[in-house]
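This is model_4.csv (CSV, C-alpha atoms).
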chain,number,residue,atom,x,y,z
A,139,MET,CA,11.3,-15.1,-8.2
A,140,LEU,CA,14.4,-15.7,-10.3
A,141,LYS,CA,15.0,-15.7,-14.1
A,142,SER,CA,18.1,-16.7,-16.0
A,143,PHE,CA,19.7,-14.4,-18.6
A,144,LYS,CA,22.8,-14.6,-20.7
A,145,CYS,CA,25.4,-12.1,-19.8
A,146,ARG,CA,29.0,-11.3,-20.6
A,147,LYS,CA,31.3,-10.9,-17.5
A,148,LEU,CA,34.5,-9.0,-17.6
A,149,ASP,CA,37.2,-9.5,-14.9
A,150,GLY,CA,40.3,-7.5,-15.9
A,151,GLU,CA,41.2,-8.8,-19.3
A,152,LYS,CA,39.2,-12.0,-18.9
A,153,VAL,CA,35.9,-12.2,-20.7
A,154,GLU,CA,33.3,-14.9,-19.9
A,155,GLU,CA,30.0,-15.7,-21.6
A,156,THR,CA,27.7,-17.1,-18.9
A,157,THR,CA,24.2,-17.2,-17.5
A,158,CYS,CA,23.2,-15.0,-14.6
A,159,GLN,CA,20.3,-15.3,-12.1
A,160,VAL,CA,18.3,-12.0,-12.1
A,161,VAL,CA,15.5,-11.2,-9.7
A,162,GLU,CA,12.0,-11.0,-11.3
A,163,GLU,CA,10.1,-7.7,-11.3
A,164,VAL,CA,6.5,-7.5,-12.4
A,165,PRO,CA,3.8,-4.8,-12.4
A,166,LEU,CA,0.7,-5.2,-10.3
A,167,SER,CA,-2.2,-2.8,-11.0
A,168,ILE,CA,-4.5,-2.3,-8.1
A,169,PHE,CA,-8.2,-1.4,-8.7
A,170,ILE,CA,-10.4,-0.3,-5.8
A,171,ASN,CA,-14.1,-0.7,-6.3
A,172,GLY,CA,-13.5,-0.5,-10.1
A,173,ARG,CA,-11.2,2.6,-10.0
A,174,HIS,CA,-7.5,2.3,-10.7
A,175,PHE,CA,-5.6,3.2,-7.5
A,176,ALA,CA,-1.9,2.4,-8.3
A,177,THR,CA,0.4,0.2,-10.2
A,178,ALA,CA,3.3,-1.2,-8.2
A,179,MET,CA,6.5,-2.9,-9.4
A,180,ILE,CA,7.0,-5.8,-7.1
A,181,SER,CA,8.5,-9.3,-6.8
A,182,PRO,CA,5.7,-11.7,-7.9
A,183,GLU,CA,5.3,-13.7,-4.7
A,184,MET,CA,2.6,-12.8,-2.0
A,185,ARG,CA,0.6,-10.5,-4.1
A,186,SER,CA,-2.5,-10.8,-1.9
A,187,GLU,CA,-0.5,-10.0,1.2
A,188,PHE,CA,1.0,-7.0,-0.6
A,189,VAL,CA,-2.3,-5.6,-1.6
A,190,THR,CA,-3.8,-6.1,1.9
A,191,GLY,CA,-0.7,-4.6,3.6
A,192,HIS,CA,-0.5,-1.7,1.2
A,193,LEU,CA,-4.1,-0.7,1.5
A,194,PHE,CA,-3.7,-0.9,5.3
A,195,ALA,CA,-0.4,1.0,5.4
A,196,GLU,CA,-1.9,3.7,3.1
A,197,ARG,CA,-4.9,4.0,5.3
A,198,ILE,CA,-7.4,3.0,2.6
A,199,VAL,CA,-8.6,0.4,5.1
A,200,SER,CA,-8.3,0.3,8.9
A,201,GLY,CA,-8.3,-3.5,9.1
A,202,ARG,CA,-8.5,-6.6,7.0
A,203,GLY,CA,-12.3,-6.8,7.6
A,204,GLU,CA,-12.8,-3.6,5.5
A,205,ILE,CA,-11.6,-5.5,2.4
A,206,GLU,CA,-14.9,-7.1,1.3
A,207,SER,CA,-13.2,-9.0,-1.6
A,208,LEU,CA,-9.9,-9.3,-3.3
A,209,GLU,CA,-9.3,-11.0,-6.6
A,210,ILE,CA,-5.9,-11.2,-8.3
A,211,GLU,CA,-5.7,-12.4,-11.9
A,212,GLY,CA,-2.4,-12.1,-13.7
A,213,ASN,CA,-1.0,-8.6,-13.0
A,214,VAL,CA,-4.3,-7.1,-11.9
A,215,ALA,CA,-5.7,-7.0,-8.4
A,216,ARG,CA,-9.3,-6.0,-7.8
A,217,ALA,CA,-10.4,-5.1,-4.3
A,218,ILE,CA,-13.8,-4.1,-3.0
A,219,VAL,CA,-13.5,-2.1,0.2
A,220,SER,CA,-16.2,-0.7,2.5
A,221,ASN,CA,-15.0,2.9,2.2
A,222,PRO,CA,-13.7,3.5,-1.3
A,223,MET,CA,-13.7,7.3,-0.8
A,224,ARG,CA,-10.5,7.1,1.1
A,225,ALA,CA,-8.8,6.0,-2.1
A,226,ILE,CA,-9.8,9.0,-4.2
A,227,VAL,CA,-9.4,11.9,-1.8
A,228,PRO,CA,-6.5,14.1,-3.1
A,229,ARG,CA,-3.4,13.7,-1.0
A,230,ARG,CA,0.0,15.3,-1.1
A,231,PRO,CA,2.9,13.0,-2.1
A,232,ILE,CA,5.8,13.2,0.3
A,233,VAL,CA,8.1,10.3,-0.1
A,234,SER,CA,10.3,8.4,-2.6
A,235,GLY,CA,10.3,4.7,-3.1
A,236,CYS,CA,12.2,2.3,-5.3
A,237,GLY,CA,9.2,0.3,-6.4
A,238,GLY,CA,7.0,2.8,-8.2
A,239,ILE,CA,4.5,3.8,-5.5
A,240,ALA,CA,4.4,7.1,-3.6
A,241,SER,CA,3.1,7.2,0.0
A,242,PHE,CA,1.3,10.2,1.3
A,243,LEU,CA,1.2,12.1,4.6
A,244,SER,CA,-1.5,14.1,6.1
A,245,GLU,CA,0.5,16.1,8.6
A,246,SER,CA,-2.4,16.8,10.9
A,247,LYS,CA,-3.4,13.1,11.1
A,248,LEU,CA,-0.2,11.3,11.9
A,249,PRO,CA,-0.9,8.2,14.0
A,250,GLU,CA,0.4,7.7,17.5
A,251,ILE,CA,2.0,4.4,18.3
A,252,LYS,CA,0.9,3.0,21.7
A,253,SER,CA,3.3,0.3,22.9
A,254,ASP,CA,5.6,-0.4,25.8
A,255,LEU,CA,7.8,-2.8,23.8
A,256,VAL,CA,11.5,-2.6,24.6
A,257,ILE,CA,14.2,-4.6,22.8
A,258,GLY,CA,17.8,-5.1,23.6
A,259,LYS,CA,21.0,-5.1,21.5
A,260,GLU,CA,21.0,-8.9,21.1
A,261,GLN,CA,17.5,-9.0,19.8
A,262,ALA,CA,18.3,-6.4,17.2
A,263,GLN,CA,21.5,-8.2,16.2
A,264,GLU,CA,19.7,-11.6,15.9
A,265,ALA,CA,16.9,-10.1,13.8
A,266,MET,CA,19.4,-8.5,11.4
A,267,LYS,CA,21.3,-11.8,11.2
A,268,ALA,CA,18.1,-13.6,10.4
A,269,ILE,CA,17.1,-11.3,7.5
A,270,SER,CA,20.6,-11.2,6.0
A,271,GLN,CA,20.7,-14.9,5.1
A,272,SER,CA,18.8,-14.5,1.9
A,273,GLU,CA,19.8,-17.0,-0.8
A,274,VAL,CA,18.1,-14.9,-3.4
A,275,HIS,CA,20.1,-11.8,-2.4
A,276,ILE,CA,23.3,-13.9,-2.5
A,277,ALA,CA,22.4,-15.1,-5.9
A,278,THR,CA,21.3,-11.8,-7.4
A,279,GLY,CA,22.1,-8.9,-5.1
A,280,GLY,CA,18.7,-7.6,-6.2
A,281,VAL,CA,16.3,-7.9,-3.3
A,282,HIS,CA,15.7,-6.3,0.1
A,283,SER,CA,14.7,-8.4,3.1
A,284,VAL,CA,12.2,-7.2,5.8
A,285,GLY,CA,11.5,-9.2,8.9
A,286,LEU,CA,8.7,-8.7,11.4
A,287,PHE,CA,9.6,-10.1,14.9
A,288,ASP,CA,7.9,-10.5,18.2
A,289,ASP,CA,9.4,-11.1,21.6
A,290,LEU,CA,10.3,-14.7,20.8
A,291,GLU,CA,10.8,-15.2,17.0
A,292,ALA,CA,10.2,-14.1,13.5
A,293,VAL,CA,6.6,-13.6,12.5
A,294,CYS,CA,7.7,-13.6,8.9
A,295,ILE,CA,10.7,-12.7,6.7
A,296,ILE,CA,9.9,-11.3,3.3
A,297,GLU,CA,12.0,-10.6,0.2
A,298,ASP,CA,11.1,-8.1,-2.5
A,299,ILE,CA,12.8,-5.8,-5.0
A,300,GLY,CA,11.5,-2.9,-2.9
A,301,ARG,CA,12.0,-2.6,0.9
A,302,HIS,CA,8.6,-0.9,1.2
A,303,ASN,CA,6.9,-3.6,-0.9
A,304,ALA,CA,8.4,-6.2,1.5
A,305,LEU,CA,7.1,-4.3,4.5
A,306,ASP,CA,3.6,-4.1,3.0
A,307,LYS,CA,3.7,-7.9,2.4
A,308,ALA,CA,4.9,-8.4,6.0
A,309,ILE,CA,2.1,-6.2,7.3
A,310,GLY,CA,-0.5,-8.0,5.1
A,311,HIS,CA,0.7,-11.4,6.4
A,312,ALA,CA,0.5,-10.3,10.0
A,313,LEU,CA,-3.0,-8.9,9.5
A,314,ALA,CA,-4.1,-12.3,8.2
A,315,GLU,CA,-2.6,-14.0,11.2
A,316,GLY,CA,-4.1,-11.5,13.7
A,317,VAL,CA,-0.7,-10.4,15.0
A,318,ASP,CA,-0.6,-7.7,17.7
A,319,PHE,CA,1.6,-5.1,16.0
A,320,SER,CA,2.3,-3.3,19.2
A,321,ARG,CA,4.4,-6.3,20.4
A,322,THR,CA,6.5,-6.5,17.2
A,323,PHE,CA,9.5,-4.7,15.6
A,324,VAL,CA,10.8,-4.5,12.0
A,325,ALA,CA,14.2,-5.3,10.8
A,326,CYS,CA,15.2,-4.3,7.2
A,327,THR,CA,18.2,-4.4,5.0
A,328,GLY,CA,17.5,-1.1,3.2
A,329,ARG,CA,17.3,2.6,4.1
A,330,ILE,CA,14.7,3.8,6.7
A,331,SER,CA,13.0,6.4,4.6
A,332,SER,CA,9.9,8.4,5.3
A,333,ASP,CA,7.6,5.8,3.7
A,334,MET,CA,9.0,3.0,5.9
A,335,ALA,CA,8.6,5.1,9.0
A,336,LEU,CA,5.0,6.0,8.1
A,337,LYS,CA,4.0,2.4,7.3
A,338,CYS,CA,5.3,1.3,10.7
A,339,SER,CA,3.6,4.2,12.4
A,340,VAL,CA,0.2,3.5,10.7
A,341,ALA,CA,0.5,-0.2,11.7
A,342,GLY,CA,1.4,0.6,15.2
A,343,ILE,CA,4.9,-1.1,15.0
A,344,PRO,CA,7.0,0.7,17.6
A,345,ILE,CA,10.5,-0.1,16.5
A,346,ILE,CA,12.4,-0.4,13.1
A,347,VAL,CA,16.0,-1.5,12.8
A,348,SER,CA,18.2,-1.3,9.7
A,349,ARG,CA,21.8,-2.0,8.7
A,350,GLY,CA,21.4,1.1,6.5
A,351,ALA,CA,20.9,4.8,7.0
A,352,THR,CA,17.8,6.8,7.8
A,353,THR,CA,16.5,10.2,6.5
A,354,SER,CA,15.6,13.4,8.1
A,355,LEU,CA,11.9,13.1,7.2
A,356,ALA,CA,11.8,9.6,8.6
A,357,ILE,CA,13.2,10.9,11.9
A,358,SER,CA,10.6,13.8,11.9
A,359,ILE,CA,7.7,11.3,11.4
A,360,ALA,CA,9.2,8.9,14.1
A,361,GLU,CA,9.5,11.7,16.6
A,362,ARG,CA,5.9,12.7,16.2
A,363,THR,CA,4.5,9.1,16.2
A,364,HIS,CA,6.7,7.6,18.9
A,365,LEU,CA,8.5,5.2,16.5
A,366,CYS,CA,12.0,4.2,17.5
A,367,ILE,CA,14.5,4.3,14.6
A,368,ILE,CA,17.7,2.2,15.0
A,369,ALA,CA,20.0,2.5,12.0
A,370,PHE,CA,23.6,1.4,10.9
A,371,LEU,CA,23.3,-1.8,12.8
A,372,ARG,CA,26.5,-3.5,11.8
A,373,GLY,CA,28.3,-5.9,14.1
A,374,LYS,CA,28.5,-4.3,17.5
A,375,ARG,CA,27.7,-0.8,16.2
A,376,LEU,CA,24.3,0.9,15.9
A,377,SER,CA,22.7,4.4,16.1
A,378,VAL,CA,19.5,5.1,17.9
A,379,TYR,CA,17.9,8.2,16.4
A,380,THR,CA,14.4,8.5,18.0
A,381,ASN,CA,12.6,7.3,21.2
A,382,PRO,CA,15.6,5.7,22.8
A,383,GLU,CA,13.5,4.5,25.7
A,384,ARG,CA,12.4,1.6,23.5
A,385,PHE,CA,15.9,0.3,23.2
A,386,ARG,CA,17.7,-1.4,26.1
A,387,ILE,CA,21.5,-0.8,26.0
A,388,GLY,CA,22.5,-3.2,28.7

Kindly present the structure from the file in structure tokens form.
Amino acid sequence: MLKSFKCRKLDGEKVEETTCQVVEEVPLSIFINGRHFATAMISPEMRSEFVTGHLFAERIVSGRGEIESLEIEGNVARAIVSNPMRAIVPRRPIVSGCGGIASFLSESKLPEIKSDLVIGKEQAQEAMKAISQSEVHIATGGVHSVGLFDDLEAVCIIEDIGRHNALDKAIGHALAEGVDFSRTFVACTGRISSDMALKCSVAGIPIIVSRGATTSLAISIAERTHLCIIAFLRGKRLSVYTNPERFRIG
């Protein structure tokens, strides 16, 4: 996940020739039933989980069982799915991402999250602490962390150059483990944008927490899908933007 590069560091008048650790970024072209679907720029680990989670979050498949086969060779992933027409129906792009993939929204078909999960402030704080201890981020400053948590512990904590890529990988991992998404929540280091809100909503994850900001479209999606957005979690401070009944203050 890391590569070393020569660099010249300046600190005031001091110049130093040194070697720096840089996070690795690679392309992954996804083909569905022989047709090119997308090319993502991702961190190279957990490619299978990424493809699985991405196809699920983009509603190309409704479960892991609809992926009949998945082969990854080099920077190419080839999936055979039971309903390939979902991948070629024209859809309207709505969101921005930092990893090269656009998500799409069918306004008339937004999912509805069905969950009675409620978390407290300490749970949110502990989750944020857990995802903030990334050695790769400390070394490079170049990755986002996303954690999927249940009532007791972290299901997984994933790092990637893109927060949405990391969420796809977390979803893919959870699908393979048979995790009940309705009993989980997400913590992330980056902005809660519309693509993050939509991916959580499609998976049925009821709560997303971030130390960063959120966006107006993410809030709009969350209000309509019953997703709870908690942003700006820093120390004792946080802001609950949607569905506050999912967050226990006391």

Test item: which residues lie within 10 Å of (0.4, -11.7, -2.9) counting all atoms listed in the file, as a list in words
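The answer, in the requested form, is Leu166, Ile180, Ser181, Pro182, Glu183, Met184, Arg185, Ser186, Glu187, Phe188, Val189, Thr190, Gly191, Ile210, Ala215, Lys307, Gly310 and His311 of chain A.
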
Those residues with C-alpha atoms, as a compact mmCIF listing (two decimals), keeping the file's coordinate frame please?
# COMPACT_ATOMS: atom_id res chain seq x y z
CA LEU A 166 0.70 -5.20 -10.30
CA ILE A 180 7.00 -5.80 -7.10
CA SER A 181 8.50 -9.30 -6.80
CA PRO A 182 5.70 -11.70 -7.90
CA GLU A 183 5.30 -13.70 -4.70
CA MET A 184 2.60 -12.80 -2.00
CA ARG A 185 0.60 -10.50 -4.10
CA SER A 186 -2.50 -10.80 -1.90
CA GLU A 187 -0.50 -10.00 1.20
CA PHE A 188 1.00 -7.00 -0.60
CA VAL A 189 -2.30 -5.60 -1.60
CA THR A 190 -3.80 -6.10 1.90
CA GLY A 191 -0.70 -4.60 3.60
CA ILE A 210 -5.90 -11.20 -8.30
CA ALA A 215 -5.70 -7.00 -8.40
CA LYS A 307 3.70 -7.90 2.40
CA GLY A 310 -0.50 -8.00 5.10
CA HIS A 311 0.70 -11.40 6.40

Which protein, DNA or RNA residues are at most 10 Å from (13.3, 11.7, 6.6) in the file's coordinates when you count all atoms listed in the file, listed as a list of chain:residue names?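 So the residues meeting the distance criterion are A:Ile232, A:Val233, A:Ile330, A:Ser331, A:Ser332, A:Asp333, A:Met334, A:Ala335, A:Thr352, A:Thr353, A:Ser354, A:Leu355, A:Ala356, A:Ile357, A:Ser358, A:Ile359, A:Ala360.
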
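Summary of the local environment: counting all atoms listed in the file, residues at most 9 Å from segment 280-284 of chain A, other than itself and those fewer than 2 positions away along its chain, are Val160, Val161, Ser181, Ile269, Ser270, Ser272, Val274, His275, Ile276, Ala277, Thr278, Leu286, Cys294, Ile295, Ile296, Glu297, Asp298, Ile299, Gly300, Arg301, His302, Ala304, Leu305, Ala308, Val324, Ala325, Cys326, Thr327 and Gly328 of chain A.
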
Keeping only C-alpha atoms, take the residues you just selected and write them out as a PDB file, in the coordinates of the input.
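Written output follows (out24.pdb):
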ATOM      1  CA  VAL A 160      18.300 -12.000 -12.100  1.00  0.00           C
ATOM      2  CA  VAL A 161      15.500 -11.200  -9.700  1.00  0.00           C
ATOM      3  CA  SER A 181       8.500  -9.300  -6.800  1.00  0.00           C
ATOM      4  CA  ILE A 269      17.100 -11.300   7.500  1.00  0.00           C
ATOM      5  CA  SER A 270      20.600 -11.200   6.000  1.00  0.00           C
ATOM      6  CA  SER A 272      18.800 -14.500   1.900  1.00  0.00           C
ATOM      7  CA  VAL A 274      18.100 -14.900  -3.400  1.00  0.00           C
ATOM      8  CA  HIS A 275      20.100 -11.800  -2.400  1.00  0.00           C
ATOM      9  CA  ILE A 276      23.300 -13.900  -2.500  1.00  0.00           C
ATOM     10  CA  ALA A 277      22.400 -15.100  -5.900  1.00  0.00           C
ATOM     11  CA  THR A 278      21.300 -11.800  -7.400  1.00  0.00           C
ATOM     12  CA  LEU A 286       8.700  -8.700  11.400  1.00  0.00           C
ATOM     13  CA  CYS A 294       7.700 -13.600   8.900  1.00  0.00           C
ATOM     14  CA  ILE A 295      10.700 -12.700   6.700  1.00  0.00           C
ATOM     15  CA  ILE A 296       9.900 -11.300   3.300  1.00  0.00           C
ATOM     16  CA  GLU A 297      12.000 -10.600   0.200  1.00  0.00           C
ATOM     17  CA  ASP A 298      11.100  -8.100  -2.500  1.00  0.00           C
ATOM     18  CA  ILE A 299      12.800  -5.800  -5.000  1.00  0.00           C
ATOM     19  CA  GLY A 300      11.500  -2.900  -2.900  1.00  0.00           C
ATOM     20  CA  ARG A 301      12.000  -2.600   0.900  1.00  0.00           C
ATOM     21  CA  HIS A 302       8.600  -0.900   1.200  1.00  0.00           C
ATOM     22  CA  ALA A 304       8.400  -6.200   1.500  1.00  0.00           C
ATOM     23  CA  LEU A 305       7.100  -4.300   4.500  1.00  0.00           C
ATOM     24  CA  ALA A 308       4.900  -8.400   6.000  1.00  0.00           C
ATOM     25  CA  VAL A 324      10.800  -4.500  12.000  1.00  0.00           C
ATOM     26  CA  ALA A 325      14.200  -5.300  10.800  1.00  0.00           C
ATOM     27  CA  CYS A 326      15.200  -4.300   7.200  1.00  0.00           C
ATOM     28  CA  THR A 327      18.200  -4.400   5.000  1.00  0.00           C
ATOM     29  CA  GLY A 328      17.500  -1.100   3.200  1.00  0.00           C
TER      30      GLY A 328
END

(Q) Excluding Ile345 of chain A and its own-chain neighbours fewer than 3 positions away, which residues fall within 7 Å of it when counting all atoms listed in the file? Please give them as a PyMOL selection string. (A) chain A and resi 323-324+365-367

Discussion item. When you count all atoms listed in the file, which of these residues is closest to Gln159 of chain A: A:Lys247, A:Ala217, A:Val256, A:Glu273?
Written reply: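 For Gln159 of chain A, the nearest of the given residues is A:Glu273.
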
Surrounding residues of Glu260 of chain A excluding itself and chain neighbours under 3 positions, 10 Å, all atoms listed in the file, as JSON, numbers by chain = {"A": [257, 263, 264, 265, 266, 374, 386, 387, 388]}

- Selected residue of minimal separation from His174 of chain A among A:Asn221, A:Ala312, A:Pro382, A:Ile226, counting all atoms listed in the file: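 Among the listed residues, the smallest separation from His174 of chain A belongs to A:Ile226.
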
State, in Å with one decimal place, the distance from atom CA of Gly350 of chain A to atom CA of Arg372 of chain A.
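It comes out at 8.7 Å.
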
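Taking atom CA of Ile346 of chain A and atom CA of Leu248 of chain A as endpoints, the distance between them is 17.2 Å.
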
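One distance worth recording is that between atom CA of Asn213 of chain A and atom CA of Ile198 of chain A, which is 20.5 Å.
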
Polymer residues at most 9 Å from Pro249 of chain A, all atoms listed in the file, same-chain spacing of 5 or more positions, as a PyMOL selection string = chain A and resi 336+339-342+362-363

Exercise: Asn171 of chain A partners within 12 Å, only C-alpha atoms, chain neighbours under 4 positions left out, as a list in words
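These residues fall inside the cut-off: Phe175, Ile198, Ile205, Glu206, Ser207, Leu208, Glu209, Ala215, Arg216, Ala217, Ile218, Val219, Ser220, Asn221, Pro222, Met223, Arg224, Ala225 and Ile226 of chain A.
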